[in-house]
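The structure under discussion appears below in the form of structure tokens.
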2 protein chains.
Amino acid sequence: MHPTIRDVAKRLNLSITTVSRALDNYDDVAEDTRKLVIKTAQKMGYAPNRAARQLRRQRTDTIGYIIPAASGGFSDPFFSEFIAGLGDETSAQNYDLLVTTASPASPDEKALYQRWAQGGKVDGMVVNRIYLNDWRLQYLAELGLPHVSLERSSSQLEFVGVEADSYHGISGMIAYLVNQGHSRIAYIGGTPELKIDKDRYKGYQAGMRKTKIIPNPKLVTRADLTREGGYRAAEQLLALVKPPTAIVCINDMTAIGAMHAAHEHGLKVGRDIAIAGFDGIADSAYTQPPLTTIDQPVYEIARQLVAMLLALINNEPLAERQVKIEPKLIIRESTGG
Amino acid sequence: MHPTIRDVAKRLNLSITTVSRALDNYDDVAEDTRKLVIKTAQKMGYAPNRAARQLRRQRTDTIGYIIPAASGGFSDPFFSEFIAGLGDETSAQNYDLLVTTASPASPDEKALYQRWAQGGKVDGMVVNRIYLNDWRLQYLAELGLPHVSLERSSSQLEFVGVEADSYHGISGMIAYLVNQGHSRIAYIGGTPELKIDKDRYKGYQAGMRKTKIIPNPKLVTRADLTREGGYRAAEQLLALVKPPTAIVCINDMTAIGAMHAAHEHGLKVGRDIAIAGFDGIADSAYTQPPLTTIDQPVYEIARQLVAMLLALINNEPLAERQVKIEPKLIIRESTGG
DNA sequence: TTGTAGGCGTTATCAA
DNA sequence: TTGATAACGCCTACAA
């Protein structure tokens, strides 16, 4: 098998202590010795055994993220960008990232959290797609395992993480649409237990309230944050006697589905109907027509979260325990440009 | 910290041996004892320490995958589907998946492979986006670390993994387009060192050769598998004195970029110009117009790869060491329907 | 500046 | 059916 520290020591007629310290750049080792050790270790292809190191140090240098998506594939680029951010920041800090998918609130999900958190497989966890009442955050808190989240749950006592201001994002969007002359503005949300749904829906309500328009409850529908869900919800909206002239969606995926439905109804998006999303995924600039959306810097948020988590893990001071991000309205042709 | 097996043993006045075996379902432990142990362990919130187990068993029950994408985010849904497949299958088999991103052939990438492979952090690796001459496969082979790949490199002695028949996929696509009356058919590829580029380009050539059309070398361009790359390459093609009437792209991302360029040129995709991709990502059904593509079951391929890798790791017999997949042509409106 | 030795939490061998 | 004990490979307090 691989050479161990013992093999290196034997080869050089040194003790494993010296080798260990030479490699870890302790300063109580002779310069010549260190150089020799490093060279030999390299030549022998030595790399410290992670399990042994972890056991000894009582830490894994690994953090975990369980993608909250139904089995069968997460197809929301939101997650790709998020994972990319997590991966890049963990790597940059010489940590590793453990990843898998599990359906929210499934037994699998619980088993995974247990295996990783209680088994000491990870030093901390990143959590997102937060529910108003989220067992994951509760569980991690009880366990005392460091964790950060994108969005907070209402049951959370001590929140460390990032929050995007969904509320103002959406209410600003509504204001913009009203300004464009729209009044029959529909909302396609997600399940109301989701923190982001609550915030975004409130933003919608607030935006509508500021106008004199009495919102039609039929214009508020719910889907599941997927293209298919957005498609079906939009179908319903377009089948109304008085269909909406604008549709604001909880995320870009939903909006893409809605655009598809509009096209099928022979509507030209951006002229006959306005459609807008939330997230600012890379796709949104490449849809036809390009999608108006509320951009949140997902990649950066993910990196930020990791940085915060590692600070938490290593007991380093944290400049801010709660970072608030203001997403930006990006106007494109899907709302008439 | 967490209770250890010792704590459980102490609580029950049993030896750690017995506890260990009760939990691992050995059959030489009294039924009553086993039940008691399991119950107590659960009550105490005991979960075996993974590092200790790994050190002792000399295996990690973890496999690794390094996303071969430039830092700053992989935005190709191909990878999301791939990761979802990897994650679901590893979870299903009670393994864990270590993931990160690294630019192909960067020093970071090498450092990661070393840390994981030589440090015994993983029992095996999944590799994709294969180069004709791929140092990763060579490295893993030399190390003797189990690995599987999607696509094979030409320098590979012993290939275990999955191959999609890119060649026939593309040549079939060309045949279809020619049949539709196209003759000025362009190809937007990737870097020629990529295995898939070689195969797909060959498919293009073969498809063209079957017709009497003499292919114009100006119609063959290269990009980088991204939307932006596809956009720029298509811009060039459309600026030609005699622009192509059809563009076949190495993947769907490139095709999405190309469609964007066509729209900007005032062309109606599917009527004024045909554009086709490769991969069959979920997006492709939701572009406007929907994209003709060559569909390969990425999610299933990923699961298959993991299954093969775990068989390799556990020295189980492998029905097939090399699985060949025939991708399917999906005709949609982007080529005139 | 270097070496000795103990222990991190498991699993597995052997003996009782 | 159960228990004592020795590793797995590394780090580090302490001794030399």
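The chains in the structure tokens are called A, B, ... from first to last as shown; in each chain the residues are counted from 1, and the ligands are counted from 1 in the order shown.
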At a cut-off of 12 Å, list the chain D residues touching chain A, using only C-alpha atoms (C1' of nucleotides), as a PyMOL selection string.
chain D and resi 8-13
Any chance you can output those residues with C-alpha atoms (C1' of nucleotides) as an mmCIF file, in the first residue's frame?
```cif
data_model
loop_
_atom_site.group_PDB
_atom_site.id
_atom_site.type_symbol
_atom_site.label_atom_id
_atom_site.label_comp_id
_atom_site.auth_asym_id
_atom_site.auth_seq_id
_atom_site.Cartn_x
_atom_site.Cartn_y
_atom_site.Cartn_z
ATOM 1 C "C1'" DC D 8 -4.606 0.963 11.909
ATOM 2 C "C1'" DG D 9 -1.194 5.883 11.054
ATOM 3 C "C1'" DC D 10 -0.687 9.990 12.957
ATOM 4 C "C1'" DC D 11 0.384 13.837 16.299
ATOM 5 C "C1'" DT D 12 2.393 15.677 20.432
ATOM 6 C "C1'" DA D 13 3.820 16.027 25.485
#
```
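With only C-alpha atoms (C1' of nucleotides) taken into account, chain C has DC8, DG9, DT10 and DT11 of chain C at most 9 Å from chain B.
Atom pair atom CA of A:Gln304 / atom CA of A:Val162 has a distance of 8.0 Å (rounded to one decimal).
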Could you give me, as a list in words, the residues within 12 Å of D:DC14, counting only C-alpha atoms (C1' of nucleotides) and dropping anything in the same chain fewer than 4 positions from it?
DG3, DT4, DA5 and DG6 of chain C
Residues as selected, C-alpha atoms (C1' of nucleotides), written as a PDB file, in the first residue's frame, can you do that?
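Written output follows (selection.pdb):
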```
ATOM      1  C1'  DG C   3      13.526  10.345  20.031  1.00  0.00           C
ATOM      2  C1'  DT C   4      10.076   7.634  23.082  1.00  0.00           C
ATOM      3  C1'  DA C   5       5.648   6.556  23.948  1.00  0.00           C
ATOM      4  C1'  DG C   6       0.658   7.079  24.554  1.00  0.00           C
TER       5       DG C   6
END
```
Counting only C-alpha atoms, which residue out of B:Leu219, B:Leu194, B:Ala258, B:Val19 sits closest to chain A?
B:Ala258
Dump as a Markdown table the rows for residues of chain B within 6 Å of chain A: closest atom pair and distance in Å with one decimal, only C-alpha atoms counted, ordered by chain and rising residue number.
```
| residue | atom | partner | partner_atom | distance |
| --- | --- | --- | --- | --- |
| B:Ala47 | CA | A:Gly119 | CA | 5.1 |
| B:Pro48 | CA | A:Gly119 | CA | 5.5 |
| B:Asn49 | CA | A:Gly119 | CA | 4.7 |
| B:Arg50 | CA | A:Gly119 | CA | 5.6 |
| B:Ala51 | CA | A:Ala51 | CA | 4.8 |
| B:Ala52 | CA | A:Leu55 | CA | 5.9 |
| B:Leu55 | CA | A:Ala51 | CA | 5.3 |
| B:Gly73 | CA | A:Ala84 | CA | 4.9 |
| B:Glu81 | CA | A:Gly73 | CA | 5.5 |
| B:Ala84 | CA | A:Gly73 | CA | 4.8 |
| B:Gly87 | CA | A:Thr100 | CA | 4.7 |
| B:Leu97 | CA | A:Val99 | CA | 5.8 |
| B:Leu98 | CA | A:Leu98 | CA | 4.5 |
| B:Val99 | CA | A:Leu97 | CA | 5.8 |
| B:Thr100 | CA | A:Gly87 | CA | 4.7 |
| B:Thr101 | CA | A:Gly87 | CA | 5.9 |
| B:Gln118 | CA | A:Ala47 | CA | 5.7 |
| B:Gly119 | CA | A:Asn49 | CA | 4.7 |
| B:Gly120 | CA | A:Asn49 | CA | 5.9 |
| B:Lys121 | CA | A:Arg50 | CA | 5.8 |
| B:Gln288 | CA | A:Gln288 | CA | 5.6 |
```
Residues of stretch 19-197 of chain A in alpha helix (DSSP H), written as a VMD selection string:
chain A and resid 19 to 23 31 to 44 50 to 57 77 to 92 107 to 113 135 to 143 166 to 179 195 to 197
Between atom CA of A:Gly169 and atom CA of A:Tyr187 - distance in Å to one decimal
13.7 Å
Counting only C-alpha atoms (C1' of nucleotides), which residue out of B:Ser154, B:Asn13, B:Thr33, B:Ser183 sits closest to D:DT1?
B:Thr33
Taking only stretch 114-320 of chain B into account, list the residues labelled strand (DSSP E or B) by DSSP (computed from the backbone), as a ChimeraX atom specification.
/B:124-127,131,147-150,161-164,185-189,194,220-222,246-249,269,273-276,279,292-295
Residues within 10 Å of A:Tyr201, only C-alpha atoms (C1' of nucleotides), excluding chain neighbours under 2 positions, as an NGL selection string
:A and (166-167 or 170-171 or 187-190 or 192 or 195-199 or 203-207 or 220 or 249-250)
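As for atom CA of A:Leu14 and atom C1' of C:DT2, they are spaced 8.4 Å apart.
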Counting only C-alpha atoms (C1' of nucleotides), what is within 9 Å of B:Leu150, bar same-chain residues fewer than 6 positions away, as a PyMOL selection string?
chain B and resi 126-130+160-164+301-302+305
Excluding C:DA15 and its own-chain neighbours fewer than 3 positions away, which residues fall within 12 Å of it when counting only C-alpha atoms (C1' of nucleotides)? Please give them as a ChimeraX atom specification.
/D:2-5
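You can rank A:Ile247, A:Ser15, A:Asn179, A:Thr40 by their closest distance to A:Thr211 using only C-alpha atoms, and at the top of that list sits A:Asn179.
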